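**Q** Once you've had a glance at the structure underneath, I'll fire off some questions.
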Amino acid sequence: MDLVTVVATALWAMLPAYVPNNAAVLAGGGRPIDGGRTWGGRRVLGDGKTWRGTAAGTAAGVALALVLNAASGPIADLLGVPAVEFPLAAAVGLALGAMVGDIGASFVKRRSGRERGAPFPGLDQLDFVVGALALAAVLDFEWVTATFTAPVLATVLVVTPLLHVVTNGIAYLIGAKDEPW
């Protein structure tokens, strides 16, 4: 696989995992997953992790995967590289796994004494990737191993933090986020 194909595959295959957390923010509000519970004097997750956001984020990621499936032929022809198609199990795994990864990161952040929105370099950029790939592998192992070859996985691990920093910076500059991370 040449470099262009590797990068295109990495970005395309991760789109259903890249979108859910942003969609969750847009859906915002609702009942916190932790129900306001504390552990060791700190919230288990915090108000930022809600059932509505998790459902909306997962639905958005799965819907995007279905749209990408419909567009894969024309996009592949346009770009001249093969476009990955998403079995439903893989789409659900990527989208819900991204949300679960982010929820897990919130748990770790609360245990380490960080408040909502506080930076946690590394964890902030890759939590959803780990969750997405892990759950997708549980639900459709063959698809994950065929799609996320070593070069594609390495690209995801390098490009995702860069995309995260750039998109969060843009969101901060336009007033869509309170902090630039």
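In the structure tokens, chains take the letters A, B, ... in the order shown, each chain's residues start at 1, and ligands count up from 1 in the order shown.
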Can you list, as a ChimeraX atom specification, all residues belonging to range 37-128 of chain A that DSSP tags as strand (DSSP E or B)?

**A** /A:38-39,42-43,50

**Q** Mind dumping a table of every range 50-153 of chain A residue within 7 Å of range 32-44 of chain A, with the nearest atom pair and its distance in Å to one decimal, using only C-alpha atoms, sorted by chain and rising number, as CSV?

**A**
residue,atom,partner,partner_atom,distance
A:Thr50,CA,A:Pro32,CA,4.1
A:Trp51,CA,A:Ile33,CA,5.6
A:Phe107,CA,A:Val44,CA,6.0
A:Arg110,CA,A:Arg42,CA,6.5

**Q** Listing only residues of range 84-116 of chain A within 10 Å of range 139-145 of chain A, what is the closest atom pair and its distance in Å (to one decimal) for each, using only C-alpha atoms, sorted by chain and residue number ascending, as a Markdown table?

**A**
| residue | atom | partner | partner_atom | distance |
| --- | --- | --- | --- | --- |
| A:Val84 | CA | A:Trp143 | CA | 9.8 |
| A:Glu85 | CA | A:Trp143 | CA | 9.5 |
| A:Phe86 | CA | A:Trp143 | CA | 8.3 |
| A:Pro87 | CA | A:Trp143 | CA | 8.0 |
| A:Leu88 | CA | A:Asp140 | CA | 9.1 |
| A:Ala89 | CA | A:Leu139 | CA | 5.6 |
| A:Ala90 | CA | A:Asp140 | CA | 5.6 |
| A:Ala91 | CA | A:Asp140 | CA | 9.4 |
| A:Val92 | CA | A:Leu139 | CA | 8.3 |
| A:Gly93 | CA | A:Leu139 | CA | 6.2 |
| A:Leu94 | CA | A:Leu139 | CA | 9.5 |

**Q** Report the residues of chain A whose backbone DSSP state falls under alpha helix (DSSP H), written as a compact mmCIF listing (two decimals) with N, CA, C and O atoms, in the first residue's frame.

**A**
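Generated output (states_30.txt):
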# COMPACT_ATOMS: atom_id res chain seq x y z
N LEU A 3 1.79 5.38 0.36
CA LEU A 3 1.54 6.32 1.45
C LEU A 3 0.17 6.99 1.34
O LEU A 3 -0.55 7.12 2.35
N VAL A 4 -0.21 7.42 0.15
CA VAL A 4 -1.51 8.08 -0.03
C VAL A 4 -2.64 7.13 0.34
O VAL A 4 -3.59 7.51 1.03
N THR A 5 -2.55 5.88 -0.07
CA THR A 5 -3.58 4.89 0.25
C THR A 5 -3.62 4.62 1.75
O THR A 5 -4.71 4.51 2.33
N VAL A 6 -2.47 4.55 2.38
CA VAL A 6 -2.42 4.31 3.83
C VAL A 6 -3.11 5.46 4.58
O VAL A 6 -3.95 5.23 5.45
N VAL A 7 -2.75 6.69 4.24
CA VAL A 7 -3.34 7.85 4.93
C VAL A 7 -4.84 7.94 4.64
O VAL A 7 -5.64 8.16 5.56
N ALA A 8 -5.23 7.75 3.38
CA ALA A 8 -6.65 7.80 3.04
C ALA A 8 -7.43 6.72 3.77
O ALA A 8 -8.53 6.97 4.29
N THR A 9 -6.88 5.52 3.82
CA THR A 9 -7.55 4.43 4.53
C THR A 9 -7.67 4.73 6.01
O THR A 9 -8.73 4.51 6.61
N ALA A 10 -6.61 5.24 6.62
CA ALA A 10 -6.63 5.55 8.05
C ALA A 10 -7.70 6.59 8.37
O ALA A 10 -8.50 6.40 9.30
N LEU A 11 -7.74 7.65 7.61
CA LEU A 11 -8.71 8.72 7.88
C LEU A 11 -10.15 8.26 7.62
O LEU A 11 -11.05 8.50 8.42
N TRP A 12 -10.35 7.60 6.49
CA TRP A 12 -11.68 7.11 6.12
C TRP A 12 -12.20 6.11 7.15
O TRP A 12 -13.34 6.21 7.61
N ALA A 13 -11.35 5.15 7.51
CA ALA A 13 -11.77 4.10 8.44
C ALA A 13 -12.07 4.64 9.84
O ALA A 13 -12.86 4.05 10.57
N MET A 14 -11.45 5.75 10.21
CA MET A 14 -11.66 6.31 11.54
C MET A 14 -12.78 7.35 11.59
O MET A 14 -13.18 7.76 12.68
N LEU A 15 -13.30 7.77 10.46
CA LEU A 15 -14.35 8.81 10.47
C LEU A 15 -15.52 8.47 11.39
O LEU A 15 -15.97 9.34 12.15
N PRO A 16 -16.04 7.24 11.39
CA PRO A 16 -17.14 6.94 12.31
C PRO A 16 -16.74 7.01 13.79
O PRO A 16 -17.61 7.07 14.66
N ALA A 17 -15.45 7.02 14.08
CA ALA A 17 -14.98 7.20 15.45
C ALA A 17 -14.62 8.66 15.74
O ALA A 17 -14.67 9.09 16.89
N TYR A 18 -14.28 9.42 14.71
CA TYR A 18 -13.91 10.82 14.90
C TYR A 18 -15.13 11.69 15.19
O TYR A 18 -15.02 12.70 15.88
N PRO A 20 -18.36 10.93 16.71
CA PRO A 20 -19.28 10.80 17.85
C PRO A 20 -19.11 11.79 18.99
O PRO A 20 -20.11 12.32 19.49
N ASN A 21 -17.89 12.08 19.42
CA ASN A 21 -17.73 12.99 20.55
C ASN A 21 -18.16 14.41 20.20
O ASN A 21 -18.70 15.13 21.05
N ASN A 22 -17.95 14.82 18.96
CA ASN A 22 -18.42 16.14 18.53
C ASN A 22 -19.94 16.18 18.49
O ASN A 22 -20.55 17.17 18.90
N ALA A 23 -20.55 15.12 17.98
CA ALA A 23 -22.01 15.06 17.94
C ALA A 23 -22.60 15.04 19.35
O ALA A 23 -23.64 15.65 19.60
N ALA A 24 -21.91 14.38 20.28
CA ALA A 24 -22.38 14.33 21.67
C ALA A 24 -22.41 15.72 22.27
O ALA A 24 -23.35 16.08 23.00
N VAL A 25 -21.41 16.54 21.96
CA VAL A 25 -21.37 17.91 22.47
C VAL A 25 -22.55 18.71 21.90
O VAL A 25 -23.20 19.46 22.62
N LEU A 26 -22.81 18.52 20.62
CA LEU A 26 -23.93 19.25 19.99
C LEU A 26 -25.27 18.83 20.58
O LEU A 26 -26.16 19.66 20.74
N ALA A 27 -25.42 17.55 20.88
CA ALA A 27 -26.68 17.06 21.47
C ALA A 27 -26.80 17.52 22.91
O ALA A 27 -27.89 17.74 23.42
N TRP A 51 -26.29 10.44 29.00
CA TRP A 51 -26.91 9.38 28.21
C TRP A 51 -27.30 9.92 26.83
O TRP A 51 -27.09 9.25 25.82
N ARG A 52 -27.85 11.14 26.79
CA ARG A 52 -28.26 11.73 25.51
C ARG A 52 -27.06 11.91 24.59
O ARG A 52 -27.11 11.58 23.40
N GLY A 53 -25.98 12.45 25.12
CA GLY A 53 -24.78 12.65 24.32
C GLY A 53 -24.21 11.34 23.79
O GLY A 53 -23.80 11.24 22.64
N THR A 54 -24.19 10.33 24.65
CA THR A 54 -23.66 9.03 24.25
C THR A 54 -24.51 8.41 23.14
O THR A 54 -23.99 7.91 22.14
N ALA A 55 -25.82 8.49 23.30
CA ALA A 55 -26.72 7.94 22.27
C ALA A 55 -26.60 8.73 20.97
O ALA A 55 -26.51 8.14 19.88
N ALA A 56 -26.58 10.06 21.07
CA ALA A 56 -26.49 10.89 19.87
C ALA A 56 -25.16 10.69 19.16
O ALA A 56 -25.10 10.61 17.92
N GLY A 57 -24.08 10.63 19.92
CA GLY A 57 -22.77 10.43 19.32
C GLY A 57 -22.66 9.08 18.62
O GLY A 57 -22.15 8.99 17.50
N THR A 58 -23.17 8.05 19.27
CA THR A 58 -23.14 6.72 18.67
C THR A 58 -23.98 6.70 17.40
O THR A 58 -23.54 6.19 16.35
N ALA A 59 -25.17 7.26 17.46
CA ALA A 59 -26.05 7.30 16.28
C ALA A 59 -25.40 8.07 15.14
O ALA A 59 -25.46 7.65 13.97
N ALA A 60 -24.74 9.18 15.45
CA ALA A 60 -24.09 9.98 14.41
C ALA A 60 -22.95 9.20 13.76
O ALA A 60 -22.80 9.23 12.52
N GLY A 61 -22.16 8.49 14.55
CA GLY A 61 -21.06 7.72 13.99
C GLY A 61 -21.54 6.58 13.10
O GLY A 61 -20.99 6.34 12.02
N VAL A 62 -22.58 5.88 13.55
CA VAL A 62 -23.14 4.78 12.75
C VAL A 62 -23.77 5.33 11.47
O VAL A 62 -23.56 4.78 10.37
N ALA A 63 -24.50 6.44 11.59
CA ALA A 63 -25.12 7.05 10.40
C ALA A 63 -24.05 7.47 9.40
O ALA A 63 -24.20 7.26 8.18
N LEU A 64 -22.96 8.05 9.89
CA LEU A 64 -21.88 8.45 9.00
C LEU A 64 -21.29 7.23 8.29
O LEU A 64 -21.02 7.28 7.09
N ALA A 65 -21.09 6.14 9.00
CA ALA A 65 -20.57 4.92 8.38
C ALA A 65 -21.48 4.45 7.25
O ALA A 65 -21.00 4.04 6.19
N LEU A 66 -22.79 4.52 7.46
CA LEU A 66 -23.73 4.11 6.42
C LEU A 66 -23.66 5.04 5.21
O LEU A 66 -23.72 4.58 4.06
N VAL A 67 -23.51 6.33 5.46
CA VAL A 67 -23.35 7.30 4.36
C VAL A 67 -22.04 7.02 3.62
O VAL A 67 -22.00 7.06 2.38
N LEU A 68 -20.98 6.77 4.36
CA LEU A 68 -19.69 6.46 3.73
C LEU A 68 -19.78 5.19 2.88
O LEU A 68 -19.18 5.12 1.80
N ASN A 69 -20.53 4.20 3.37
CA ASN A 69 -20.73 2.99 2.57
C ASN A 69 -21.39 3.32 1.23
O ASN A 69 -20.98 2.82 0.19
N ALA A 70 -22.40 4.17 1.28
CA ALA A 70 -23.11 4.54 0.05
C ALA A 70 -22.22 5.34 -0.90
O ALA A 70 -22.36 5.24 -2.11
N ALA A 71 -21.29 6.10 -0.33
CA ALA A 71 -20.42 6.96 -1.14
C ALA A 71 -19.09 6.31 -1.49
O ALA A 71 -18.31 6.89 -2.25
N SER A 72 -18.83 5.13 -0.98
CA SER A 72 -17.49 4.54 -1.13
C SER A 72 -17.07 4.35 -2.59
O SER A 72 -15.92 4.61 -2.93
N GLY A 73 -17.98 3.90 -3.42
CA GLY A 73 -17.62 3.69 -4.84
C GLY A 73 -17.22 4.97 -5.54
O GLY A 73 -16.10 5.06 -6.09
N PRO A 74 -18.09 5.98 -5.53
CA PRO A 74 -17.73 7.24 -6.19
C PRO A 74 -16.49 7.92 -5.58
O PRO A 74 -15.67 8.47 -6.30
N ILE A 75 -16.34 7.84 -4.25
CA ILE A 75 -15.18 8.45 -3.60
C ILE A 75 -13.90 7.71 -4.01
O ILE A 75 -12.87 8.33 -4.30
N ALA A 76 -13.97 6.39 -4.04
CA ALA A 76 -12.80 5.60 -4.45
C ALA A 76 -12.40 5.95 -5.88
O ALA A 76 -11.21 6.10 -6.18
N ASP A 77 -13.39 6.09 -6.75
CA ASP A 77 -13.10 6.46 -8.14
C ASP A 77 -12.49 7.85 -8.22
O ASP A 77 -11.54 8.08 -8.96
N LEU A 78 -13.03 8.78 -7.46
CA LEU A 78 -12.55 10.16 -7.47
C LEU A 78 -11.12 10.26 -6.96
O LEU A 78 -10.28 10.93 -7.56
N LEU A 79 -10.84 9.60 -5.84
CA LEU A 79 -9.51 9.69 -5.21
C LEU A 79 -8.50 8.70 -5.79
O LEU A 79 -7.30 8.85 -5.58
N LEU A 88 -22.08 -3.34 9.67
CA LEU A 88 -22.81 -2.69 10.76
C LEU A 88 -22.14 -2.90 12.11
O LEU A 88 -22.03 -1.96 12.91
N ALA A 89 -21.66 -4.10 12.38
CA ALA A 89 -21.01 -4.37 13.66
C ALA A 89 -19.77 -3.49 13.85
O ALA A 89 -19.53 -2.96 14.94
N ALA A 90 -18.99 -3.32 12.79
CA ALA A 90 -17.80 -2.47 12.87
C ALA A 90 -18.20 -1.01 13.07
O ALA A 90 -17.56 -0.30 13.87
N ALA A 91 -19.24 -0.57 12.39
CA ALA A 91 -19.70 0.81 12.54
C ALA A 91 -20.14 1.08 13.97
O ALA A 91 -19.78 2.11 14.57
N VAL A 92 -20.91 0.17 14.54
CA VAL A 92 -21.36 0.33 15.93
C VAL A 92 -20.15 0.30 16.86
O VAL A 92 -20.04 1.11 17.79
N GLY A 93 -19.22 -0.62 16.62
CA GLY A 93 -18.03 -0.72 17.45
C GLY A 93 -17.20 0.55 17.43
O GLY A 93 -16.76 1.03 18.49
N LEU A 94 -16.98 1.11 16.25
CA LEU A 94 -16.20 2.34 16.15
C LEU A 94 -16.90 3.50 16.86
O LEU A 94 -16.26 4.24 17.63
N ALA A 95 -18.18 3.67 16.59
CA ALA A 95 -18.92 4.82 17.15
C ALA A 95 -19.12 4.70 18.66
O ALA A 95 -18.78 5.62 19.42
N LEU A 96 -19.68 3.59 19.09
CA LEU A 96 -19.91 3.40 20.53
C LEU A 96 -18.59 3.28 21.27
O LEU A 96 -18.43 3.82 22.38
N GLY A 97 -17.63 2.61 20.67
CA GLY A 97 -16.31 2.48 21.30
C GLY A 97 -15.64 3.82 21.51
O GLY A 97 -14.97 4.03 22.52
N ALA A 98 -15.79 4.73 20.56
CA ALA A 98 -15.24 6.09 20.72
C ALA A 98 -15.85 6.77 21.94
O ALA A 98 -15.15 7.40 22.73
N MET A 99 -17.16 6.60 22.10
CA MET A 99 -17.83 7.20 23.25
C MET A 99 -17.38 6.55 24.55
O MET A 99 -17.10 7.24 25.54
N VAL A 100 -17.28 5.22 24.55
CA VAL A 100 -16.85 4.50 25.76
C VAL A 100 -15.41 4.87 26.12
O VAL A 100 -15.07 5.04 27.30
N GLY A 101 -14.56 5.01 25.12
CA GLY A 101 -13.18 5.42 25.37
C GLY A 101 -13.11 6.79 26.03
O GLY A 101 -12.34 7.01 26.97
N ASP A 102 -13.94 7.71 25.56
CA ASP A 102 -13.97 9.05 26.13
C ASP A 102 -14.54 9.03 27.55
O ASP A 102 -14.06 9.74 28.44
N ILE A 103 -15.54 8.20 27.77
CA ILE A 103 -16.11 8.05 29.12
C ILE A 103 -15.05 7.48 30.06
O ILE A 103 -14.89 7.94 31.20
N GLY A 104 -14.31 6.49 29.59
CA GLY A 104 -13.23 5.92 30.40
C GLY A 104 -12.18 6.95 30.75
O GLY A 104 -11.66 6.98 31.87
N ALA A 105 -11.86 7.82 29.79
CA ALA A 105 -10.88 8.88 30.05
C ALA A 105 -11.39 9.85 31.11
O ALA A 105 -10.61 10.32 31.95
N SER A 106 -12.68 10.14 31.09
CA SER A 106 -13.25 11.01 32.12
C SER A 106 -13.12 10.39 33.49
O SER A 106 -12.81 11.07 34.47
N PHE A 107 -13.33 9.08 33.56
CA PHE A 107 -13.18 8.37 34.83
C PHE A 107 -11.73 8.50 35.33
O PHE A 107 -11.49 8.83 36.50
N VAL A 108 -10.76 8.27 34.44
CA VAL A 108 -9.35 8.38 34.81
C VAL A 108 -9.02 9.81 35.23
O VAL A 108 -8.31 10.03 36.23
N LYS A 109 -9.53 10.78 34.50
CA LYS A 109 -9.27 12.18 34.84
C LYS A 109 -9.81 12.54 36.23
O LYS A 109 -9.14 13.21 37.01
N ARG A 110 -11.03 12.10 36.52
CA ARG A 110 -11.61 12.38 37.85
C ARG A 110 -10.79 11.72 38.94
O ARG A 110 -10.55 12.30 39.99
N ARG A 111 -10.33 10.48 38.71
CA ARG A 111 -9.53 9.78 39.73
C ARG A 111 -8.19 10.47 39.95
O ARG A 111 -7.61 10.38 41.02
N LEU A 123 -3.88 11.10 26.75
CA LEU A 123 -5.19 10.51 27.01
C LEU A 123 -6.28 11.25 26.24
O LEU A 123 -7.14 10.62 25.62
N ASP A 124 -6.22 12.57 26.24
CA ASP A 124 -7.24 13.37 25.55
C ASP A 124 -7.28 13.09 24.05
O ASP A 124 -8.33 13.18 23.43
N GLN A 125 -6.14 12.78 23.47
CA GLN A 125 -6.07 12.61 22.02
C GLN A 125 -6.32 11.18 21.56
O GLN A 125 -6.69 10.97 20.40
N LEU A 126 -6.11 10.20 22.42
CA LEU A 126 -6.18 8.82 21.95
C LEU A 126 -7.19 7.94 22.68
O LEU A 126 -7.38 6.79 22.31
N ASP A 127 -7.87 8.48 23.69
CA ASP A 127 -8.83 7.68 24.45
C ASP A 127 -9.91 7.07 23.56
O ASP A 127 -10.20 5.89 23.62
N PHE A 128 -10.46 7.89 22.69
CA PHE A 128 -11.54 7.40 21.83
C PHE A 128 -11.03 6.44 20.76
O PHE A 128 -11.77 5.55 20.33
N VAL A 129 -9.78 6.58 20.36
CA VAL A 129 -9.20 5.66 19.37
C VAL A 129 -9.09 4.26 19.97
O VAL A 129 -9.49 3.27 19.35
N VAL A 130 -8.56 4.20 21.18
CA VAL A 130 -8.42 2.91 21.86
C VAL A 130 -9.80 2.27 22.06
O VAL A 130 -9.99 1.09 21.76
N GLY A 131 -10.76 3.06 22.54
CA GLY A 131 -12.11 2.53 22.75
C GLY A 131 -12.74 2.05 21.46
O GLY A 131 -13.34 0.97 21.39
N ALA A 132 -12.60 2.87 20.40
CA ALA A 132 -13.21 2.53 19.11
C ALA A 132 -12.62 1.24 18.53
O ALA A 132 -13.37 0.35 18.11
N LEU A 133 -11.31 1.16 18.51
CA LEU A 133 -10.68 -0.02 17.93
C LEU A 133 -10.92 -1.26 18.78
O LEU A 133 -11.12 -2.36 18.23
N ALA A 134 -10.93 -1.10 20.09
CA ALA A 134 -11.16 -2.26 20.96
C ALA A 134 -12.57 -2.81 20.78
O ALA A 134 -12.75 -4.02 20.61
N LEU A 135 -13.58 -1.94 20.82
CA LEU A 135 -14.95 -2.44 20.68
C LEU A 135 -15.22 -2.94 19.26
O LEU A 135 -15.89 -3.96 19.08
N ALA A 136 -14.68 -2.25 18.27
CA ALA A 136 -14.85 -2.74 16.89
C ALA A 136 -14.21 -4.12 16.74
O ALA A 136 -14.77 -5.00 16.07
N ALA A 137 -13.06 -4.34 17.39
CA ALA A 137 -12.41 -5.65 17.32
C ALA A 137 -13.24 -6.72 18.00
O ALA A 137 -13.30 -7.86 17.52
N VAL A 138 -13.89 -6.37 19.09
CA VAL A 138 -14.76 -7.34 19.77
C VAL A 138 -15.94 -7.71 18.88
O VAL A 138 -16.33 -8.87 18.78
N LEU A 139 -16.50 -6.71 18.20
CA LEU A 139 -17.70 -6.94 17.39
C LEU A 139 -17.41 -7.47 15.98
O LEU A 139 -18.25 -8.15 15.40
N PHE A 141 -13.79 -8.64 14.56
CA PHE A 141 -12.34 -8.78 14.61
C PHE A 141 -11.72 -8.88 13.21
O PHE A 141 -10.70 -8.25 12.93
N GLU A 142 -12.33 -9.65 12.34
CA GLU A 142 -11.78 -9.83 10.99
C GLU A 142 -11.70 -8.51 10.24
O GLU A 142 -10.72 -8.22 9.57
N TRP A 143 -12.76 -7.68 10.34
CA TRP A 143 -12.76 -6.39 9.66
C TRP A 143 -11.66 -5.49 10.21
O TRP A 143 -10.94 -4.85 9.45
N VAL A 144 -11.53 -5.45 11.53
CA VAL A 144 -10.51 -4.59 12.15
C VAL A 144 -9.11 -5.02 11.72
O VAL A 144 -8.29 -4.18 11.34
N THR A 145 -8.83 -6.31 11.77
CA THR A 145 -7.47 -6.75 11.41
C THR A 145 -7.19 -6.59 9.91
O THR A 145 -6.05 -6.33 9.53
N ALA A 146 -8.20 -6.69 9.08
CA ALA A 146 -8.00 -6.48 7.64
C ALA A 146 -7.85 -5.00 7.31
O ALA A 146 -7.09 -4.64 6.41
N THR A 147 -8.55 -4.15 8.03
CA THR A 147 -8.55 -2.71 7.74
C THR A 147 -7.37 -2.00 8.39
O THR A 147 -6.70 -1.19 7.75
N ALA A 150 -0.70 -2.68 10.10
CA ALA A 150 0.30 -1.95 10.89
C ALA A 150 0.53 -0.52 10.37
O ALA A 150 0.53 0.43 11.16
N PRO A 151 0.71 -0.32 9.05
CA PRO A 151 0.93 1.05 8.57
C PRO A 151 -0.31 1.95 8.79
O PRO A 151 -0.17 3.13 9.13
N VAL A 152 -1.50 1.40 8.62
CA VAL A 152 -2.72 2.18 8.82
C VAL A 152 -2.88 2.53 10.29
O VAL A 152 -3.16 3.68 10.65
N LEU A 153 -2.65 1.57 11.16
CA LEU A 153 -2.74 1.82 12.60
C LEU A 153 -1.72 2.86 13.04
O LEU A 153 -2.03 3.77 13.81
N ALA A 154 -0.50 2.74 12.56
CA ALA A 154 0.54 3.72 12.91
C ALA A 154 0.12 5.12 12.45
O ALA A 154 0.32 6.10 13.18
N THR A 155 -0.46 5.21 11.27
CA THR A 155 -0.92 6.50 10.77
C THR A 155 -2.02 7.07 11.66
O THR A 155 -2.01 8.26 11.99
N VAL A 156 -2.96 6.23 12.07
CA VAL A 156 -4.03 6.68 12.97
C VAL A 156 -3.42 7.23 14.26
O VAL A 156 -3.83 8.30 14.74
N LEU A 157 -2.45 6.53 14.81
CA LEU A 157 -1.85 6.94 16.08
C LEU A 157 -1.03 8.22 15.98
O LEU A 157 -0.88 8.94 16.96
N VAL A 158 -0.52 8.53 14.79
CA VAL A 158 0.25 9.76 14.59
C VAL A 158 -0.67 10.92 14.17
O VAL A 158 -0.56 12.04 14.70
N VAL A 159 -1.57 10.66 13.25
CA VAL A 159 -2.41 11.73 12.69
C VAL A 159 -3.51 12.17 13.66
O VAL A 159 -3.82 13.36 13.74
N THR A 160 -4.08 11.24 14.41
CA THR A 160 -5.20 11.59 15.29
C THR A 160 -4.85 12.67 16.30
O THR A 160 -5.60 13.64 16.43
N PRO A 161 -3.73 12.58 17.02
CA PRO A 161 -3.42 13.67 17.95
C PRO A 161 -3.25 15.02 17.25
O PRO A 161 -3.66 16.06 17.78
N LEU A 162 -2.66 15.00 16.06
CA LEU A 162 -2.50 16.25 15.32
C LEU A 162 -3.85 16.83 14.93
O LEU A 162 -4.10 18.04 15.09
N LEU A 163 -4.74 15.98 14.41
CA LEU A 163 -6.09 16.43 14.06
C LEU A 163 -6.83 16.95 15.30
O LEU A 163 -7.54 17.96 15.22
N HIS A 164 -6.66 16.27 16.41
CA HIS A 164 -7.33 16.65 17.65
C HIS A 164 -6.90 18.05 18.08
O HIS A 164 -7.74 18.90 18.41
N VAL A 165 -5.61 18.32 18.06
CA VAL A 165 -5.10 19.63 18.47
C VAL A 165 -5.60 20.72 17.51
O VAL A 165 -6.06 21.78 17.95
N VAL A 166 -5.51 20.47 16.22
CA VAL A 166 -5.93 21.47 15.23
C VAL A 166 -7.42 21.75 15.31
O VAL A 166 -7.85 22.90 15.36
N THR A 167 -8.25 20.69 15.33
CA THR A 167 -9.71 20.92 15.35
C THR A 167 -10.16 21.56 16.66
O THR A 167 -11.05 22.41 16.65
N ASN A 168 -9.54 21.19 17.78
CA ASN A 168 -9.91 21.82 19.05
C ASN A 168 -9.48 23.29 19.07
O ASN A 168 -10.19 24.13 19.62
N GLY A 169 -8.33 23.59 18.49
CA GLY A 169 -7.89 24.98 18.40
C GLY A 169 -8.85 25.81 17.58
O GLY A 169 -9.19 26.94 17.95
N ILE A 170 -9.30 25.26 16.47
CA ILE A 170 -10.27 25.97 15.62
C ILE A 170 -11.58 26.17 16.37
O ILE A 170 -12.16 27.26 16.36
N ALA A 171 -12.06 25.11 17.03
CA ALA A 171 -13.31 25.22 17.80
C ALA A 171 -13.20 26.28 18.89
O ALA A 171 -14.15 27.04 19.14
N TYR A 172 -12.05 26.37 19.52
CA TYR A 172 -11.82 27.39 20.56
C TYR A 172 -11.84 28.79 19.94
O TYR A 172 -12.48 29.71 20.48
N LEU A 173 -11.16 28.95 18.81
CA LEU A 173 -11.09 30.27 18.17
C LEU A 173 -12.45 30.77 17.69
O LEU A 173 -12.70 31.99 17.71

**Q** So the first atom is CA of Trp181 in chain A and the second is CA of Gly29 in chain A; what is the distance between them in Å, to one decimal place?

**A**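 Taking CA of Trp181 in chain A as the start and CA of Gly29 in chain A as the end point, the length is 20.4 Å.
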
**Q** Would you compute the distance between CA of Phe148 in chain A and CA of Phe120 in chain A? Give it in Å to one decimal.

**A**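 Interatomic distance here is 25.9 Å.
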
**Q** Distance CA of Ala118 in chain A-CA of Glu179 in chain A, one decimal place?

**A** 8.5 Å
